[in-house]
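Engineer: To start, I am sharing the structure in question, which I have written as structure tokens.
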2 protein chains.
Amino acid sequence: MATIGDVAKAAGVSRSTVSYALSGNRPISRETRDRIDAAITQLGFTVNAGARALATSQTMVLGLLLQFHDDEFPPAMLQYILAVSDAARELGYDILMVTDTDGPGAIRRITSSNRVDGVVLLDVTHDDPRLDALRAARQPGALVGLPGDTAGLDVFDLDFEASARLLVDHLHGLGHREIVVVSPPRHVFERGGAYAWRFRDAAVERAAGYGIRVHCHHGESQQPAIERSLNAILDERREATALIVHNDASIAALPGVLRERGTVVPRDLSVVSLYSRDFGRTFLLPYTAVETSPDGLGREAVQHLVRRIAEPDYAPSVVGLIEPKLSDRGSTA
Amino acid sequence: MATIGDVAKAAGVSRSTVSYALSGNRPISRETRDRIDAAITQLGFTVNAGARALATSQTMVLGLLLQFHDDEFPPAMLQYILAVSDAARELGYDILMVTDTDGPGAIRRITSSNRVDGVVLLDVTHDDPRLDALRAARQPGALVGLPGDTAGLDVFDLDFEASARLLVDHLHGLGHREIVVVSPPRHVFERGGAYAWRFRDAAVERAAGYGIRVHCHHGESQQPAIERSLNAILDERREATALIVHNDASIAALPGVLRERGTVVPRDLSVVSLYSRDFGRTFLLPYTAVETSPDGLGREAVQHLVRRIAEPDYAPSVVGLIEPKLSDRGSTA
DNA sequence: CTGAAAGCGCTTACAG
DNA sequence: CTGAAAGCGCTTACAG
């Protein structure tokens with residue numbers, strides 16, 4: 001394995017000159033640069049990342065903290081992972097992906113050992129136990145998901161309250177007077193998935209303002225309970241003319257359920273939801289929906305994090321709530 | 001940030017003694033050990049991973065190379081990712097996840113810079129361009145997916161040929177004489193997804209031995225094409241009494257399609273497939289199937305890789321084809 | 001435009 | 001049982 005010393009010897013220069021040629025941090029004469037380049041390609045030299053990290057205190061690695069919960073739906077999680085990874089790479093960073101059950105411990109482990117320059121937390125909950133560990137770390141972090149206390153943290157999420165209002169407004173504009181909201185499973189609320197109640201409560205409040213009746217239910221996360229619960233809800237709420245589904249697993253299963261029941265959308269029932277375009281193509285989801293863009297969220301988190309790494313005080317902590325956009329697919333009447 | 005020198009000073013010993021206390025590589029007296037432990041907790045010391053890596057030439061990081069193709073189904077990929085990550089962690093390794101479009105380049109980048117001690121390649125194809133880069137690397141690798149040339153590589157995969165035979169035997173035993181095989185999308189074959197033709201060809205051959213007629217078709221990877229193609233296949237092959245579905249996207253969509261057609265399984269049609277238990281629960285899949293266990297595969301790849309890192313020559317290269325197991329869910333008659 | 005040297009934070013023979 | 005020292009492969013003031 002060739003080192004910078006080997007290159008220096010082969011090129012007949014000092015190690016520092018090779019280093020500067022590599023970094024471009026000082027002018028190098030045409031000829032020496034050529035000799036160094038030749039030596040590098042001839043020896044197949046690559047900088048040792050660990051040694052460089054030790055010398056510069058920069059690892060060029062970002063930690064990605066995630067944990068897969070049983071009540072989540074795999075496709076959405078993968079979209080976030082890929083978005084974060086791709087965005088990081090474009091900025092020159094690699095991703096250390098950590099899936100420990102012990103989130104705070106994992107943060108401590110990778111930050112205190114200086115394995116990473118910053119961390120991205122996925123799926124942040126209201127009282128996320130990882131946040132104390134993050135605040136105690138030398139490295140900055142970026143969250144995807146809104147915690148109760150955002151002090152000192154860079155946070156990114158869809159604006160679920162605005163999303164709820166947008167969907168309720170849409171249904172109200174079409175004259176609906178009685179609607180059903182299918183929220184994430186109860187367990188998501190219990191473990192502090194704030195997006196769940198932020199959406200639901202905002203929907204309820206907005207509907208109340210219009211005098212619309214709202215019935216709130218929970219979806220399930222595993223088959224066959226998903227279909228069973230949807231059927232039970234639809235049986236119980238026959239008067240409702242519209243359905244707002246805020247749950248990936250439920251919306252993915254909905255087409256099958258409605259087909260079985262002989263319910264035609266939007267003739268018999270209007271349906272709106274929240275999901276990404278890709279998600280809608282993986283499944284067969286022809287519903288008017290708020291576009292969730294995990295891609296955009298992941299990118300934004302990474303970009304801010306990298307900025308924060310470079311300039312810790314470039315701005316006070318930012319809370320970026322992405323404004324919802326409606327994709328009208330004609331599933332409402 | 002406390003260093004090993006700070007700990008040494010606080011404990012009144014030399015840096016080497018602290019280092020040995022940390023590694024346990026030589027006996028330390030009771031008292032000095034206690035003083036060192038006290039200093040460590042008081043200073044909140046953690047070993048700098050980069051410095052240790054530089055000194056030991058061990059990063060305790062494994063590269064995970066993956067690339068998400070449009071013709072893949074997200075849930076399965078996530079299962080592999082989590083399995084590899086969890087298995088690595090249990091063995092003391094972290095995961096550097098790399099999703100570059102340029103796979104060979106990514107391998108070169110992380111291996112030649114000594115960022116990792118070994119790499120796991122997911123989704124290996126027949127002529128995988130990453131293999132040359134892997135063979136040229138200092139670090140060993142473990143593949144998930146069977147390439148055409150396995151020389152010098154540790155490879156793990158489900159035995160798709162045995163799986164095909166198992167399913168055909170099962171159907172033959174029940175008296176089926178005309179069956180349909182739904183393979184992965186055409187594009188998977190074109191990019192060298194060997195599992196696709198290994199399964200199909202073995203099924204065809206086995207069926208021929210029994211005098212069973214087989215009709216081979218391709219599934220699709222994106223809705224609404226998935227449903228459309230399934231309907232087209234079922235329309236065209238009304239004489240067939242059994243369906244073998246070797247494609248995640250198609251099997252996930254099948255229940256809806258059959259419901260719509262009023263086809264009852266197994267009364268009107270027998271159905272068998274290949275998928276993992278978790279996958280069957282995410283969707284509503286009540287079909288007799290070969291258990292694919294991405295979990296087990298991921299673990300095995302990691303375990304062998306770690307073994308290979310520790311003892312490069314502990315064995316000649318291994319090709320581990322996992323024997324298929326059938327989960328009978330009563331979808332055949 | 002270039003070099004010699006110190007330093008990043010560890011580990012590990014070598015000596016006692 | 002413990003310490004002084006060299007070395008891992010880089011970067012970067014400091015000097016010329």
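In the structure tokens, each chain is lettered A, B, ... as it comes, each chain's residues begin at 1, and ligands are numbered from 1 in order of appearance.
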Tell me, which residues of region 123-299 of chain B carry DSSP alpha helix (DSSP H), written as a PyMOL selection string?

Structural biologist: chain B and resi 130-136+160-173+186-190+194-210+225-236+248-261+277-282+294-299

Engineer: Considering only C-alpha atoms (C1' of nucleotides), tabulate each residue of chain B that lies at most 7 Å from chain D along with its nearest interatomic pair and the corresponding distance in Å to one decimal; arrange the rows by chain and ascending residue number and present them as a Markdown table.

Structural biologist:
| residue | atom | partner | partner_atom | distance |
| --- | --- | --- | --- | --- |
| B:Ser14 | CA | D:DG3 | C1' | 6.2 |
| B:Thr17 | CA | D:DT2 | C1' | 6.9 |
| B:Ile28 | CA | D:DC1 | C1' | 6.4 |
| B:Ser29 | CA | D:DC1 | C1' | 6.5 |
| B:Leu54 | CA | D:DC8 | C1' | 5.1 |
| B:Ala55 | CA | D:DC8 | C1' | 4.6 |

Engineer: Would you mind exporting the chosen residues as a PDB file, in the first residue's frame, restricted to all heavy atoms?

Structural biologist:
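That gives us out05.pdb:
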ATOM      1  N   SER B  14       1.587   6.006  32.658  1.00  0.00           N
ATOM      2  CA  SER B  14       2.002   6.338  31.293  1.00  0.00           C
ATOM      3  C   SER B  14       0.861   6.061  30.309  1.00  0.00           C
ATOM      4  O   SER B  14      -0.084   5.342  30.613  1.00  0.00           O
ATOM      5  CB  SER B  14       3.207   5.499  30.899  1.00  0.00           C
ATOM      6  OG  SER B  14       2.797   4.165  30.682  1.00  0.00           O
ATOM      7  N   THR B  17       0.317   2.410  29.544  1.00  0.00           N
ATOM      8  CA  THR B  17      -0.441   1.667  30.548  1.00  0.00           C
ATOM      9  C   THR B  17      -1.942   1.863  30.353  1.00  0.00           C
ATOM     10  O   THR B  17      -2.730   0.917  30.443  1.00  0.00           O
ATOM     11  CB  THR B  17      -0.032   2.116  31.959  1.00  0.00           C
ATOM     12  OG1 THR B  17       1.366   1.880  32.122  1.00  0.00           O
ATOM     13  CG2 THR B  17      -0.803   1.348  33.010  1.00  0.00           C
ATOM     14  N   ILE B  28      -2.625  -5.593  34.437  1.00  0.00           N
ATOM     15  CA  ILE B  28      -2.508  -4.303  35.110  1.00  0.00           C
ATOM     16  C   ILE B  28      -2.865  -4.527  36.577  1.00  0.00           C
ATOM     17  O   ILE B  28      -3.805  -5.258  36.881  1.00  0.00           O
ATOM     18  CB  ILE B  28      -3.511  -3.288  34.515  1.00  0.00           C
ATOM     19  CG1 ILE B  28      -3.403  -3.235  32.995  1.00  0.00           C
ATOM     20  CG2 ILE B  28      -3.338  -1.923  35.142  1.00  0.00           C
ATOM     21  CD1 ILE B  28      -2.333  -2.363  32.460  1.00  0.00           C
ATOM     22  N   SER B  29      -2.137  -3.885  37.436  1.00  0.00           N
ATOM     23  CA  SER B  29      -2.426  -4.088  38.861  1.00  0.00           C
ATOM     24  C   SER B  29      -3.779  -3.484  39.208  1.00  0.00           C
ATOM     25  O   SER B  29      -4.235  -2.526  38.572  1.00  0.00           O
ATOM     26  CB  SER B  29      -1.337  -3.422  39.712  1.00  0.00           C
ATOM     27  OG  SER B  29      -1.577  -2.029  39.777  1.00  0.00           O
ATOM     28  N   LEU B  54      -5.602   4.004  12.649  1.00  0.00           N
ATOM     29  CA  LEU B  54      -4.291   4.274  12.047  1.00  0.00           C
ATOM     30  C   LEU B  54      -3.220   3.399  12.687  1.00  0.00           C
ATOM     31  O   LEU B  54      -2.349   2.857  12.019  1.00  0.00           O
ATOM     32  CB  LEU B  54      -3.946   5.755  12.238  1.00  0.00           C
ATOM     33  CG  LEU B  54      -2.647   6.227  11.587  1.00  0.00           C
ATOM     34  CD1 LEU B  54      -2.676   5.948  10.098  1.00  0.00           C
ATOM     35  CD2 LEU B  54      -2.451   7.716  11.850  1.00  0.00           C
ATOM     36  N   ALA B  55      -3.311   3.240  13.976  1.00  0.00           N
ATOM     37  CA  ALA B  55      -2.291   2.469  14.679  1.00  0.00           C
ATOM     38  C   ALA B  55      -2.444   0.970  14.457  1.00  0.00           C
ATOM     39  O   ALA B  55      -1.465   0.239  14.426  1.00  0.00           O
ATOM     40  CB  ALA B  55      -2.335   2.793  16.170  1.00  0.00           C
TER      41      ALA B  55
END

Engineer: Could you give me, as CSV, a per-residue list for chain B showing, wherever an atom lies at most 6 Å from an atom of chain A, the closest pair of atoms and their distance in Å to one decimal, using only C-alpha atoms and sorting by chain then residue number from low to high?

Structural biologist:
residue,atom,partner,partner_atom,distance
B:Thr46,CA,A:Ser113,CA,5.6
B:Val47,CA,A:Ser113,CA,5.7
B:Asn48,CA,A:Ser113,CA,4.6
B:Ala49,CA,A:Ser113,CA,5.3
B:Gly50,CA,A:Gly50,CA,5.0
B:Leu54,CA,A:Gly50,CA,5.9
B:Pro74,CA,A:Pro75,CA,5.1
B:Pro75,CA,A:Pro74,CA,5.1
B:Ile95,CA,A:Met97,CA,5.6
B:Leu96,CA,A:Leu96,CA,4.5
B:Met97,CA,A:Ile95,CA,5.6
B:Ser113,CA,A:Asn48,CA,4.6
B:Asn114,CA,A:Asn48,CA,5.9
B:Gln222,CA,A:Thr282,CA,5.5
B:Gln223,CA,A:Arg281,CA,5.3
B:Gly256,CA,A:Gly256,CA,5.2
B:Arg281,CA,A:Gln223,CA,5.3
B:Thr282,CA,A:Gln222,CA,5.5
B:Phe283,CA,A:Gln223,CA,5.9
B:Leu284,CA,A:Gln223,CA,5.4

Engineer: Find the residue from A:Arg15, A:Arg135, A:Arg26, A:Arg165 that sits nearest to Val204 (chain A); use only C-alpha atoms when measuring.

Structural biologist: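 With only C-alpha atoms as the atom set, the closest residue is A:Arg165.
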
Engineer: Quick one: distance from CA of His170 (chain A) to CA of Arg238 (chain A) in Å, one decimal?

Structural biologist: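 Between CA of His170 (chain A) and CA of Arg238 (chain A) the gap works out to 20.6 Å.
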
Engineer: Residues of region 164-260 of chain A classed as strand (DSSP E) by DSSP on the backbone are to be reported as a PyMOL selection string.

Structural biologist: chain A and resi 178-183+213-218+242-245
